[in-house]
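*Asks:* Next up is a structure, given as structure tokens.
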Amino acid sequence: MARRVVCAVWLSVVARALISPVAHRRRGVALSMGVVEPGNFKNGLTIEFQDSVWKILSFQQTKSARQAAMVRTKLKNLISGTTVEQTFRISESIQTANVEKSEAIFSYVDGDNVVFLDAQTFEELRIPQAEIPNADLIKDGMAVQVVKWGEVVVDVILPSVETYEITYTEPGLKKATSTGQTKLATLETGAEIPVPLFVEIGDLVKVNCADRAYLERTK
């Protein structure tokens with residue numbers, strides 16, 4: 001996509017800064033480094049393990065008569081993107097990651113990079129599109145959370161729910177609200193998701209950005 005500088009993006013950034021003057025004095029929200037026991041794990045928690053930074057995708061406590069309580073986890077390496085399964089003793093101490101979150105506004109796509117404007121410094125931030133989960137759901141002016149571990153961007157978090165216009169889908173059945181059947185639909189960003197048969201071109205729909213799930217149709 002060719003470079004597009006949208007005035008609305010700048011206005012959005014400036015408006016956010018004016019609404020929250022404190023934001024000018026803070027680069028981001030730093031999450032203090034500490035320790036946590038696996039028994040207190042939460043989904044989405046970032047930890048330092050094996051000289052890297054990981055996000056906890058899921059966890060489950062297990063216990064048997066012969067073994068002490070353990071916590072089985074599924075972890076995502078935020079540097080390489082790989083996922084692994086790892087088991088921890090429930091009482092051991094795990095280092096939490098010292099990461100920083102800051103808000104950025106989508107501006108344009110430049111080749112393989114997605115360009116954002118930092119909502120506090122107005123500086124451009126270029127992130128490879130391949131490193132952004134569900135990058136095809138990013139729309140003009142969207143505010144995201146950029147997560148950094150030191151100077152390395154380790155995650156880009158989209159809004160939990162966003163509204164999109166349907167730009168293409170095959171004709172369906174308007175009265176098929178309870179069939180449970182779905183069809184593919186193309187969103188305004190070019191992303192494709194499954195939607196109910198009654199959804200039509202031009203409809204506005206709410207989408208869960210994390211799992212790309214259709215939530216409801218809005219008018």
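Identifiers in the structure tokens: chain A, B, ... in order shown; residue index from 1 per chain; ligand index from 1 in order shown.
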Running DSSP on the backbone, which parts of region 15-161 of chain A land in helix (DSSP H, G or I), as number ranges by chain?
*Replies:* A: 15-19, 21-25, 38-40, 129-131, 135-137
*Asks:* Do a neighbour search on Ala104 (chain A) at 8 Å with only C-alpha atoms, toss out local chain neighbours closer than 4 positions, and write the hits as a list in words.
*Replies:*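 The residues satisfying every condition are Phe116, Leu117, Asp118, Ala119, Ala143, Val144, Gln145 and Val146 of chain A.
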*Asks:* Report as a PDB file with all heavy atoms, in the first residue's frame all protein, DNA and RNA residues lying within 10 Å of region 178-193 of chain A, evaluated on only C-alpha atoms, omitting residues in the same chain fewer than 5 positions from it.
*Replies:*
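What ended up in result.pdb:
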```
ATOM      1  N   ASN A 134      -2.372 -10.770  13.769  1.00  0.00           N
ATOM      2  CA  ASN A 134      -3.596 -10.268  13.129  1.00  0.00           C
ATOM      3  C   ASN A 134      -3.409  -8.867  12.547  1.00  0.00           C
ATOM      4  O   ASN A 134      -4.287  -8.001  12.665  1.00  0.00           O
ATOM      5  CB  ASN A 134      -4.758 -10.284  14.117  1.00  0.00           C
ATOM      6  CG  ASN A 134      -5.113 -11.689  14.570  1.00  0.00           C
ATOM      7  OD1 ASN A 134      -5.161 -12.615  13.767  1.00  0.00           O
ATOM      8  ND2 ASN A 134      -5.342 -11.851  15.863  1.00  0.00           N
ATOM      9  N   ALA A 135      -2.266  -8.672  11.899  1.00  0.00           N
ATOM     10  CA  ALA A 135      -1.969  -7.355  11.332  1.00  0.00           C
ATOM     11  C   ALA A 135      -2.995  -6.934  10.289  1.00  0.00           C
ATOM     12  O   ALA A 135      -3.214  -5.733  10.077  1.00  0.00           O
ATOM     13  CB  ALA A 135      -0.570  -7.356  10.718  1.00  0.00           C
ATOM     14  N   ASP A 136      -3.643  -7.906   9.635  1.00  0.00           N
ATOM     15  CA  ASP A 136      -4.623  -7.550   8.602  1.00  0.00           C
ATOM     16  C   ASP A 136      -5.921  -7.006   9.189  1.00  0.00           C
ATOM     17  O   ASP A 136      -6.811  -6.594   8.444  1.00  0.00           O
ATOM     18  CB  ASP A 136      -4.915  -8.747   7.699  1.00  0.00           C
ATOM     19  CG  ASP A 136      -5.422  -9.963   8.459  1.00  0.00           C
ATOM     20  OD1 ASP A 136      -5.313  -9.984   9.694  1.00  0.00           O
ATOM     21  OD2 ASP A 136      -5.917 -10.901   7.807  1.00  0.00           O
ATOM     22  N   LEU A 137      -6.030  -6.967  10.515  1.00  0.00           N
ATOM     23  CA  LEU A 137      -7.205  -6.373  11.153  1.00  0.00           C
ATOM     24  C   LEU A 137      -6.982  -4.904  11.541  1.00  0.00           C
ATOM     25  O   LEU A 137      -7.894  -4.239  12.026  1.00  0.00           O
ATOM     26  CB  LEU A 137      -7.588  -7.161  12.406  1.00  0.00           C
ATOM     27  CG  LEU A 137      -8.180  -8.559  12.170  1.00  0.00           C
ATOM     28  CD1 LEU A 137      -8.447  -9.245  13.511  1.00  0.00           C
ATOM     29  CD2 LEU A 137      -9.461  -8.483  11.357  1.00  0.00           C
ATOM     30  N   ILE A 138      -5.773  -4.407  11.323  1.00  0.00           N
ATOM     31  CA  ILE A 138      -5.477  -3.019  11.675  1.00  0.00           C
ATOM     32  C   ILE A 138      -6.135  -2.086  10.665  1.00  0.00           C
ATOM     33  O   ILE A 138      -5.982  -2.246   9.454  1.00  0.00           O
ATOM     34  CB  ILE A 138      -3.956  -2.780  11.720  1.00  0.00           C
ATOM     35  CG1 ILE A 138      -3.316  -3.653  12.804  1.00  0.00           C
ATOM     36  CG2 ILE A 138      -3.653  -1.311  11.979  1.00  0.00           C
ATOM     37  CD1 ILE A 138      -1.804  -3.569  12.840  1.00  0.00           C
ATOM     38  N   LYS A 139      -6.860  -1.093  11.162  1.00  0.00           N
ATOM     39  CA  LYS A 139      -7.570  -0.158  10.289  1.00  0.00           C
ATOM     40  C   LYS A 139      -7.092   1.265  10.535  1.00  0.00           C
ATOM     41  O   LYS A 139      -6.407   1.546  11.527  1.00  0.00           O
ATOM     42  CB  LYS A 139      -9.084  -0.255  10.512  1.00  0.00           C
ATOM     43  CG  LYS A 139      -9.513   0.031  11.933  1.00  0.00           C
ATOM     44  CD  LYS A 139     -10.990  -0.283  12.152  1.00  0.00           C
ATOM     45  CE  LYS A 139     -11.907   0.645  11.403  1.00  0.00           C
ATOM     46  NZ  LYS A 139     -13.330   0.444  11.750  1.00  0.00           N
ATOM     47  N   ASP A 140      -7.454   2.177   9.640  1.00  0.00           N
ATOM     48  CA  ASP A 140      -7.008   3.567   9.724  1.00  0.00           C
ATOM     49  C   ASP A 140      -7.341   4.167  11.084  1.00  0.00           C
ATOM     50  O   ASP A 140      -8.485   4.086  11.551  1.00  0.00           O
ATOM     51  CB  ASP A 140      -7.649   4.412   8.627  1.00  0.00           C
ATOM     52  CG  ASP A 140      -7.064   4.118   7.254  1.00  0.00           C
ATOM     53  OD1 ASP A 140      -5.992   3.502   7.186  1.00  0.00           O
ATOM     54  OD2 ASP A 140      -7.691   4.528   6.246  1.00  0.00           O
ATOM     55  N   THR A 163     -15.004  -2.523  15.226  1.00  0.00           N
ATOM     56  CA  THR A 163     -16.094  -2.576  14.248  1.00  0.00           C
ATOM     57  C   THR A 163     -15.532  -2.411  12.841  1.00  0.00           C
ATOM     58  O   THR A 163     -14.700  -1.541  12.584  1.00  0.00           O
ATOM     59  CB  THR A 163     -17.122  -1.460  14.529  1.00  0.00           C
ATOM     60  OG1 THR A 163     -17.656  -1.637  15.843  1.00  0.00           O
ATOM     61  CG2 THR A 163     -18.259  -1.517  13.521  1.00  0.00           C
ATOM     62  N   TYR A 164     -16.014  -3.267  11.923  1.00  0.00           N
ATOM     63  CA  TYR A 164     -15.549  -3.246  10.535  1.00  0.00           C
ATOM     64  C   TYR A 164     -16.740  -3.285   9.572  1.00  0.00           C
ATOM     65  O   TYR A 164     -17.791  -3.846   9.890  1.00  0.00           O
ATOM     66  CB  TYR A 164     -14.664  -4.462  10.233  1.00  0.00           C
ATOM     67  CG  TYR A 164     -13.421  -4.552  11.077  1.00  0.00           C
ATOM     68  CD1 TYR A 164     -13.444  -5.223  12.301  1.00  0.00           C
ATOM     69  CD2 TYR A 164     -12.219  -3.995  10.662  1.00  0.00           C
ATOM     70  CE1 TYR A 164     -12.310  -5.322  13.083  1.00  0.00           C
ATOM     71  CE2 TYR A 164     -11.077  -4.085  11.432  1.00  0.00           C
ATOM     72  CZ  TYR A 164     -11.127  -4.750  12.643  1.00  0.00           C
ATOM     73  OH  TYR A 164      -9.997  -4.843  13.419  1.00  0.00           O
ATOM     74  N   GLU A 165     -16.515  -2.726   8.377  1.00  0.00           N
ATOM     75  CA  GLU A 165     -17.518  -2.836   7.322  1.00  0.00           C
ATOM     76  C   GLU A 165     -17.220  -4.056   6.453  1.00  0.00           C
ATOM     77  O   GLU A 165     -16.050  -4.337   6.146  1.00  0.00           O
ATOM     78  CB  GLU A 165     -17.515  -1.583   6.447  1.00  0.00           C
ATOM     79  CG  GLU A 165     -18.560  -1.625   5.326  1.00  0.00           C
ATOM     80  CD  GLU A 165     -18.543  -0.396   4.453  1.00  0.00           C
ATOM     81  OE1 GLU A 165     -17.822   0.572   4.782  1.00  0.00           O
ATOM     82  OE2 GLU A 165     -19.249  -0.401   3.412  1.00  0.00           O
ATOM     83  N   ILE A 166     -18.261  -4.781   6.082  1.00  0.00           N
ATOM     84  CA  ILE A 166     -18.109  -5.910   5.179  1.00  0.00           C
ATOM     85  C   ILE A 166     -18.031  -5.377   3.750  1.00  0.00           C
ATOM     86  O   ILE A 166     -18.958  -4.708   3.275  1.00  0.00           O
ATOM     87  CB  ILE A 166     -19.292  -6.887   5.302  1.00  0.00           C
ATOM     88  CG1 ILE A 166     -19.412  -7.434   6.726  1.00  0.00           C
ATOM     89  CG2 ILE A 166     -19.151  -8.025   4.298  1.00  0.00           C
ATOM     90  CD1 ILE A 166     -18.256  -8.294   7.169  1.00  0.00           C
ATOM     91  N   THR A 167     -16.924  -5.634   3.061  1.00  0.00           N
ATOM     92  CA  THR A 167     -16.768  -5.140   1.694  1.00  0.00           C
ATOM     93  C   THR A 167     -17.101  -6.202   0.653  1.00  0.00           C
ATOM     94  O   THR A 167     -17.390  -5.876  -0.501  1.00  0.00           O
ATOM     95  CB  THR A 167     -15.339  -4.632   1.452  1.00  0.00           C
ATOM     96  OG1 THR A 167     -14.407  -5.697   1.724  1.00  0.00           O
ATOM     97  CG2 THR A 167     -15.040  -3.447   2.361  1.00  0.00           C
ATOM     98  N   TYR A 168     -17.061  -7.481   1.051  1.00  0.00           N
ATOM     99  CA  TYR A 168     -17.469  -8.531   0.112  1.00  0.00           C
ATOM    100  C   TYR A 168     -17.856  -9.794   0.869  1.00  0.00           C
ATOM    101  O   TYR A 168     -17.192 -10.186   1.837  1.00  0.00           O
ATOM    102  CB  TYR A 168     -16.363  -8.883  -0.881  1.00  0.00           C
ATOM    103  CG  TYR A 168     -16.808  -9.990  -1.823  1.00  0.00           C
ATOM    104  CD1 TYR A 168     -17.647  -9.712  -2.893  1.00  0.00           C
ATOM    105  CD2 TYR A 168     -16.421 -11.308  -1.591  1.00  0.00           C
ATOM    106  CE1 TYR A 168     -18.101 -10.728  -3.729  1.00  0.00           C
ATOM    107  CE2 TYR A 168     -16.865 -12.327  -2.426  1.00  0.00           C
ATOM    108  CZ  TYR A 168     -17.701 -12.039  -3.487  1.00  0.00           C
ATOM    109  OH  TYR A 168     -18.157 -13.035  -4.300  1.00  0.00           O
ATOM    110  N   THR A 169     -18.912 -10.426   0.420  1.00  0.00           N
ATOM    111  CA  THR A 169     -19.310 -11.753   0.879  1.00  0.00           C
ATOM    112  C   THR A 169     -20.328 -12.303  -0.095  1.00  0.00           C
ATOM    113  O   THR A 169     -21.010 -11.538  -0.798  1.00  0.00           O
ATOM    114  CB  THR A 169     -19.887 -11.719   2.314  1.00  0.00           C
ATOM    115  OG1 THR A 169     -20.046 -13.063   2.792  1.00  0.00           O
ATOM    116  CG2 THR A 169     -21.228 -11.006   2.363  1.00  0.00           C
ATOM    117  N   GLU A 170     -20.420 -13.601  -0.174  1.00  0.00           N
ATOM    118  CA  GLU A 170     -21.396 -14.220  -1.062  1.00  0.00           C
ATOM    119  C   GLU A 170     -22.805 -13.978  -0.516  1.00  0.00           C
ATOM    120  O   GLU A 170     -22.993 -13.856   0.698  1.00  0.00           O
ATOM    121  CB  GLU A 170     -21.139 -15.720  -1.171  1.00  0.00           C
ATOM    122  CG  GLU A 170     -19.833 -16.080  -1.868  1.00  0.00           C
ATOM    123  CD  GLU A 170     -19.855 -15.740  -3.351  1.00  0.00           C
ATOM    124  OE1 GLU A 170     -20.970 -15.630  -3.917  1.00  0.00           O
ATOM    125  OE2 GLU A 170     -18.771 -15.563  -3.932  1.00  0.00           O
ATOM    126  N   PRO A 171     -23.803 -13.918  -1.395  1.00  0.00           N
ATOM    127  CA  PRO A 171     -25.191 -13.765  -0.924  1.00  0.00           C
ATOM    128  C   PRO A 171     -25.551 -14.905   0.022  1.00  0.00           C
ATOM    129  O   PRO A 171     -25.154 -16.054  -0.187  1.00  0.00           O
ATOM    130  CB  PRO A 171     -26.016 -13.825  -2.221  1.00  0.00           C
ATOM    131  CG  PRO A 171     -25.061 -13.426  -3.282  1.00  0.00           C
ATOM    132  CD  PRO A 171     -23.721 -13.946  -2.862  1.00  0.00           C
ATOM    133  N   GLY A 172     -26.273 -14.564   1.065  1.00  0.00           N
ATOM    134  CA  GLY A 172     -26.666 -15.577   2.037  1.00  0.00           C
ATOM    135  C   GLY A 172     -28.163 -15.583   2.258  1.00  0.00           C
ATOM    136  O   GLY A 172     -28.936 -15.086   1.430  1.00  0.00           O
ATOM    137  N   LEU A 173     -28.538 -16.137   3.389  1.00  0.00           N
ATOM    138  CA  LEU A 173     -29.963 -16.224   3.729  1.00  0.00           C
ATOM    139  C   LEU A 173     -30.264 -15.237   4.846  1.00  0.00           C
ATOM    140  O   LEU A 173     -29.730 -15.339   5.942  1.00  0.00           O
ATOM    141  CB  LEU A 173     -30.302 -17.652   4.181  1.00  0.00           C
ATOM    142  CG  LEU A 173     -29.989 -18.761   3.166  1.00  0.00           C
ATOM    143  CD1 LEU A 173     -30.271 -20.119   3.782  1.00  0.00           C
ATOM    144  CD2 LEU A 173     -30.822 -18.562   1.900  1.00  0.00           C
ATOM    145  N   PHE A 198     -26.567 -14.524   7.198  1.00  0.00           N
ATOM    146  CA  PHE A 198     -27.411 -13.350   6.959  1.00  0.00           C
ATOM    147  C   PHE A 198     -26.617 -12.057   6.798  1.00  0.00           C
ATOM    148  O   PHE A 198     -27.176 -11.025   6.436  1.00  0.00           O
ATOM    149  CB  PHE A 198     -28.422 -13.181   8.104  1.00  0.00           C
ATOM    150  CG  PHE A 198     -27.803 -13.008   9.462  1.00  0.00           C
ATOM    151  CD1 PHE A 198     -27.344 -11.771   9.897  1.00  0.00           C
ATOM    152  CD2 PHE A 198     -27.680 -14.100  10.321  1.00  0.00           C
ATOM    153  CE1 PHE A 198     -26.783 -11.606  11.146  1.00  0.00           C
ATOM    154  CE2 PHE A 198     -27.111 -13.941  11.579  1.00  0.00           C
ATOM    155  CZ  PHE A 198     -26.669 -12.700  11.990  1.00  0.00           C
ATOM    156  N   VAL A 199     -25.323 -12.081   7.031  1.00  0.00           N
ATOM    157  CA  VAL A 199     -24.503 -10.870   6.900  1.00  0.00           C
ATOM    158  C   VAL A 199     -24.346 -10.528   5.418  1.00  0.00           C
ATOM    159  O   VAL A 199     -24.104 -11.407   4.580  1.00  0.00           O
ATOM    160  CB  VAL A 199     -23.130 -11.080   7.558  1.00  0.00           C
ATOM    161  CG1 VAL A 199     -22.200  -9.891   7.249  1.00  0.00           C
ATOM    162  CG2 VAL A 199     -23.282 -11.238   9.065  1.00  0.00           C
ATOM    163  N   GLU A 200     -24.449  -9.227   5.101  1.00  0.00           N
ATOM    164  CA  GLU A 200     -24.400  -8.786   3.713  1.00  0.00           C
ATOM    165  C   GLU A 200     -23.324  -7.725   3.512  1.00  0.00           C
ATOM    166  O   GLU A 200     -22.818  -7.126   4.476  1.00  0.00           O
ATOM    167  CB  GLU A 200     -25.764  -8.214   3.296  1.00  0.00           C
ATOM    168  CG  GLU A 200     -26.914  -9.197   3.391  1.00  0.00           C
ATOM    169  CD  GLU A 200     -28.235  -8.554   3.019  1.00  0.00           C
ATOM    170  OE1 GLU A 200     -28.349  -7.315   3.146  1.00  0.00           O
ATOM    171  OE2 GLU A 200     -29.151  -9.272   2.593  1.00  0.00           O
ATOM    172  N   ILE A 201     -23.001  -7.467   2.254  1.00  0.00           N
ATOM    173  CA  ILE A 201     -22.053  -6.404   1.918  1.00  0.00           C
ATOM    174  C   ILE A 201     -22.586  -5.072   2.430  1.00  0.00           C
ATOM    175  O   ILE A 201     -23.764  -4.753   2.275  1.00  0.00           O
ATOM    176  CB  ILE A 201     -21.843  -6.332   0.391  1.00  0.00           C
ATOM    177  CG1 ILE A 201     -21.167  -7.610  -0.111  1.00  0.00           C
ATOM    178  CG2 ILE A 201     -20.998  -5.113   0.015  1.00  0.00           C
ATOM    179  CD1 ILE A 201     -21.041  -7.680  -1.619  1.00  0.00           C
ATOM    180  N   GLY A 202     -21.715  -4.287   3.061  1.00  0.00           N
ATOM    181  CA  GLY A 202     -22.103  -2.998   3.610  1.00  0.00           C
ATOM    182  C   GLY A 202     -22.475  -3.049   5.081  1.00  0.00           C
ATOM    183  O   GLY A 202     -22.570  -1.998   5.727  1.00  0.00           O
ATOM    184  N   ASP A 203     -22.687  -4.252   5.616  1.00  0.00           N
ATOM    185  CA  ASP A 203     -23.003  -4.374   7.042  1.00  0.00           C
ATOM    186  C   ASP A 203     -21.788  -3.996   7.888  1.00  0.00           C
ATOM    187  O   ASP A 203     -20.634  -4.179   7.472  1.00  0.00           O
ATOM    188  CB  ASP A 203     -23.409  -5.809   7.392  1.00  0.00           C
ATOM    189  CG  ASP A 203     -24.827  -6.140   6.940  1.00  0.00           C
ATOM    190  OD1 ASP A 203     -25.551  -5.204   6.571  1.00  0.00           O
ATOM    191  OD2 ASP A 203     -25.187  -7.330   6.963  1.00  0.00           O
ATOM    192  N   LEU A 204     -22.056  -3.478   9.075  1.00  0.00           N
ATOM    193  CA  LEU A 204     -21.012  -3.241  10.062  1.00  0.00           C
ATOM    194  C   LEU A 204     -21.077  -4.353  11.091  1.00  0.00           C
ATOM    195  O   LEU A 204     -22.151  -4.676  11.615  1.00  0.00           O
ATOM    196  CB  LEU A 204     -21.212  -1.882  10.743  1.00  0.00           C
ATOM    197  CG  LEU A 204     -21.112  -0.647   9.851  1.00  0.00           C
ATOM    198  CD1 LEU A 204     -21.378   0.620  10.666  1.00  0.00           C
ATOM    199  CD2 LEU A 204     -19.751  -0.568   9.172  1.00  0.00           C
ATOM    200  N   VAL A 205     -19.923  -4.945  11.380  1.00  0.00           N
ATOM    201  CA  VAL A 205     -19.882  -6.061  12.322  1.00  0.00           C
ATOM    202  C   VAL A 205     -18.803  -5.822  13.368  1.00  0.00           C
ATOM    203  O   VAL A 205     -17.782  -5.187  13.090  1.00  0.00           O
ATOM    204  CB  VAL A 205     -19.619  -7.398  11.601  1.00  0.00           C
ATOM    205  CG1 VAL A 205     -20.739  -7.719  10.629  1.00  0.00           C
ATOM    206  CG2 VAL A 205     -18.272  -7.391  10.890  1.00  0.00           C
ATOM    207  N   VAL A 207     -15.938  -7.436  15.767  1.00  0.00           N
ATOM    208  CA  VAL A 207     -15.035  -8.579  15.683  1.00  0.00           C
ATOM    209  C   VAL A 207     -14.127  -8.604  16.905  1.00  0.00           C
ATOM    210  O   VAL A 207     -13.608  -7.559  17.324  1.00  0.00           O
ATOM    211  CB  VAL A 207     -14.176  -8.516  14.396  1.00  0.00           C
ATOM    212  CG1 VAL A 207     -13.170  -9.663  14.352  1.00  0.00           C
ATOM    213  CG2 VAL A 207     -15.064  -8.537  13.164  1.00  0.00           C
ATOM    214  N   ASP A 211      -9.092 -13.425  18.480  1.00  0.00           N
ATOM    215  CA  ASP A 211      -9.360 -14.711  17.841  1.00  0.00           C
ATOM    216  C   ASP A 211     -10.106 -14.584  16.515  1.00  0.00           C
ATOM    217  O   ASP A 211     -10.568 -15.576  15.953  1.00  0.00           O
ATOM    218  CB  ASP A 211     -10.125 -15.642  18.783  1.00  0.00           C
ATOM    219  CG  ASP A 211     -11.439 -15.043  19.262  1.00  0.00           C
ATOM    220  OD1 ASP A 211     -11.912 -14.047  18.664  1.00  0.00           O
ATOM    221  OD2 ASP A 211     -11.990 -15.564  20.249  1.00  0.00           O
ATOM    222  N   ARG A 212     -10.231 -13.347  16.008  1.00  0.00           N
ATOM    223  CA  ARG A 212     -10.829 -13.073  14.698  1.00  0.00           C
ATOM    224  C   ARG A 212     -12.268 -13.589  14.626  1.00  0.00           C
ATOM    225  O   ARG A 212     -12.744 -14.007  13.570  1.00  0.00           O
ATOM    226  CB  ARG A 212      -9.992 -13.706  13.584  1.00  0.00           C
ATOM    227  CG  ARG A 212      -8.536 -13.321  13.604  1.00  0.00           C
ATOM    228  CD  ARG A 212      -7.738 -14.106  12.585  1.00  0.00           C
ATOM    229  NE  ARG A 212      -8.095 -13.754  11.216  1.00  0.00           N
ATOM    230  CZ  ARG A 212      -7.528 -12.779  10.521  1.00  0.00           C
ATOM    231  NH1 ARG A 212      -6.571 -12.049  11.075  1.00  0.00           N
ATOM    232  NH2 ARG A 212      -7.886 -12.534   9.275  1.00  0.00           N
ATOM    233  N   ALA A 213     -12.968 -13.527  15.726  1.00  0.00           N
ATOM    234  CA  ALA A 213     -14.321 -14.078  15.789  1.00  0.00           C
ATOM    235  C   ALA A 213     -15.383 -12.995  15.589  1.00  0.00           C
ATOM    236  O   ALA A 213     -15.315 -11.920  16.194  1.00  0.00           O
ATOM    237  CB  ALA A 213     -14.543 -14.771  17.134  1.00  0.00           C
ATOM    238  N   TYR A 214     -16.359 -13.294  14.741  1.00  0.00           N
ATOM    239  CA  TYR A 214     -17.530 -12.426  14.582  1.00  0.00           C
ATOM    240  C   TYR A 214     -18.308 -12.406  15.885  1.00  0.00           C
ATOM    241  O   TYR A 214     -18.554 -13.456  16.496  1.00  0.00           O
ATOM    242  CB  TYR A 214     -18.397 -12.957  13.436  1.00  0.00           C
ATOM    243  CG  TYR A 214     -19.789 -12.388  13.386  1.00  0.00           C
ATOM    244  CD1 TYR A 214     -20.062 -11.249  12.643  1.00  0.00           C
ATOM    245  CD2 TYR A 214     -20.837 -12.999  14.079  1.00  0.00           C
ATOM    246  CE1 TYR A 214     -21.351 -10.729  12.583  1.00  0.00           C
ATOM    247  CE2 TYR A 214     -22.129 -12.483  14.033  1.00  0.00           C
ATOM    248  CZ  TYR A 214     -22.383 -11.349  13.296  1.00  0.00           C
ATOM    249  OH  TYR A 214     -23.661 -10.838  13.237  1.00  0.00           O
TER     250      TYR A 214
END
```
*Asks:* What's the separation between CA of Leu215 (chain A) and CA of Val115 (chain A), in Å to one decimal place?
*Replies:* 28.0 Å
*Asks:* With distances taken over only C-alpha atoms, which of A:Gly39, A:Gly141, A:Gly34, A:Pro194 is nearest to Ser107 (chain A)?
*Replies:*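 Of all the options, A:Gly141 lies closest to Ser107 (chain A).
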*Asks:* By how many Å are CA of Gln120 (chain A) and CA of Phe106 (chain A) apart?
*Replies:*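 These two atoms are separated by 13.6 Å.
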*Asks:* To one decimal place, how far is CA of Glu100 (chain A) from CA of Thr46 (chain A) in Å?
*Replies:*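 We find that CA of Glu100 (chain A) and CA of Thr46 (chain A) lie 11.0 Å from each other.
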*Asks:* Please give the complete set of residues from chain A that DSSP, run on the backbone, assigns to strand (DSSP E or B), formatted as a PyMOL selection string.
*Replies:* chain A and resi 29-30+35-36+46-49+52-62+70-77+83-89+94-96+99-110+113-118+124-128+143-149+152-157+161-169+182-187+192-196+204-208+213-218
*Asks:* Compile the contact shell of Glu162 (chain A) as JSON, numbers by chain: residues with an atom at most 8 Å away, counting only C-alpha atoms, same-chain residues fewer than 4 positions apart removed.
*Replies:* {"A": [206, 207, 208, 209]}
*Asks:* Print the selection's residues with all heavy atoms to a file, as a CSV table (one decimal), in the first residue's frame.
*Replies:*
```csv
chain,number,residue,atom,x,y,z
A,206,LYS,N,-19.1,-6.3,14.6
A,206,LYS,CA,-18.1,-6.3,15.6
A,206,LYS,C,-17.3,-7.6,15.6
A,206,LYS,O,-17.8,-8.7,15.5
A,206,LYS,CB,-18.7,-6.1,17.0
A,206,LYS,CG,-19.3,-4.7,17.2
A,206,LYS,CD,-19.8,-4.5,18.6
A,206,LYS,CE,-20.3,-3.1,18.8
A,206,LYS,NZ,-20.8,-2.9,20.2
A,207,VAL,N,-15.9,-7.4,15.8
A,207,VAL,CA,-15.0,-8.6,15.7
A,207,VAL,C,-14.1,-8.6,16.9
A,207,VAL,O,-13.6,-7.6,17.3
A,207,VAL,CB,-14.2,-8.5,14.4
A,207,VAL,CG1,-13.2,-9.7,14.4
A,207,VAL,CG2,-15.1,-8.5,13.2
A,208,ASN,N,-13.9,-9.8,17.5
A,208,ASN,CA,-13.0,-10.0,18.5
A,208,ASN,C,-11.6,-10.1,17.8
A,208,ASN,O,-11.3,-11.1,17.1
A,208,ASN,CB,-13.3,-11.3,19.3
A,208,ASN,CG,-12.3,-11.5,20.5
A,208,ASN,OD1,-11.1,-11.4,20.3
A,208,ASN,ND2,-12.8,-11.8,21.6
A,209,CYS,N,-10.7,-9.1,18.0
A,209,CYS,CA,-9.5,-9.1,17.3
A,209,CYS,C,-8.5,-10.2,17.7
A,209,CYS,O,-7.7,-10.6,16.9
A,209,CYS,CB,-8.8,-7.7,17.5
A,209,CYS,SG,-9.7,-6.3,16.8
```
*Asks:* Quick one: everything within 9 Å of Ile56 (chain A), counting only C-alpha atoms, minus sequence neighbours fewer than 2 positions away in the same chain. Send it as a list in words.
*Replies:*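 What passes the distance filter is Phe41, Lys42, Asn43, Gly44, Leu45, Thr46, Ile47, Trp54, Ser58, Phe59, Thr73, Lys74, Leu75 and Lys76 of chain A.
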*Asks:* What would the file look like if the residues just selected were written as a short mmCIF file (atom, residue, chain, number, x, y, z; two decimals), in the first residue's frame with C-alpha atoms?
*Replies:*
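Once written, out-v1.cif looks like this:
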```cif
data_model
loop_
_atom_site.label_atom_id
_atom_site.label_comp_id
_atom_site.auth_asym_id
_atom_site.auth_seq_id
_atom_site.Cartn_x
_atom_site.Cartn_y
_atom_site.Cartn_z
CA PHE A 41 0.16 -17.28 36.92
CA LYS A 42 -2.38 -15.48 34.73
CA ASN A 43 -2.97 -15.68 31.00
CA GLY A 44 -1.11 -12.85 29.28
CA LEU A 45 1.52 -12.49 32.01
CA THR A 46 5.03 -11.90 30.63
CA ILE A 47 7.95 -13.68 32.31
CA TRP A 54 7.67 -15.16 27.20
CA SER A 58 -2.49 -20.94 29.05
CA PHE A 59 -1.76 -22.80 32.27
CA THR A 73 1.96 -23.91 30.75
CA LYS A 74 1.92 -23.00 27.10
CA LEU A 75 4.36 -20.15 26.49
CA LYS A 76 4.99 -17.90 23.50
#
```
*Asks:* Tell me which of A:Lys55, A:Val114, A:Phe122, A:Glu37 sits closest to Arg89 (chain A), counting only C-alpha atoms.
*Replies:* A:Glu37
*Asks:* Write out as a ChimeraX atom specification which residues come within 12 Å of region 80-82 of chain A when counting only C-alpha atoms, dropping same-chain ones fewer than 2 positions away.
*Replies:* /A:52-55,57,74-78,84-85,130-133,152-155
*Asks:* Near Asn113 (chain A), within 7 Å and counting only C-alpha atoms, which residues show up once chain neighbours fewer than 6 positions away are dropped, as a list in words?
*Replies:* Arg126, Ile127, Pro128 and Gln129 of chain A
*Asks:* Would you export the selected residues with N, CA and C atoms as an mmCIF file, in the first residue's frame, please?
*Replies:*
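The result, written out as result-v3.cif:
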```cif
data_model
loop_
_atom_site.group_PDB
_atom_site.id
_atom_site.type_symbol
_atom_site.label_atom_id
_atom_site.label_comp_id
_atom_site.auth_asym_id
_atom_site.auth_seq_id
_atom_site.Cartn_x
_atom_site.Cartn_y
_atom_site.Cartn_z
ATOM 1 N N ARG A 126 8.245 1.898 13.201
ATOM 2 C CA ARG A 126 8.084 0.939 12.116
ATOM 3 C C ARG A 126 8.248 -0.476 12.659
ATOM 4 N N ILE A 127 7.241 -1.301 12.417
ATOM 5 C CA ILE A 127 7.256 -2.674 12.908
ATOM 6 C C ILE A 127 6.961 -3.602 11.737
ATOM 7 N N PRO A 128 7.792 -4.636 11.517
ATOM 8 C CA PRO A 128 7.516 -5.581 10.427
ATOM 9 C C PRO A 128 6.118 -6.180 10.559
ATOM 10 N N GLN A 129 5.390 -6.179 9.465
ATOM 11 C CA GLN A 129 4.011 -6.664 9.482
ATOM 12 C C GLN A 129 3.937 -8.119 9.941
#
```
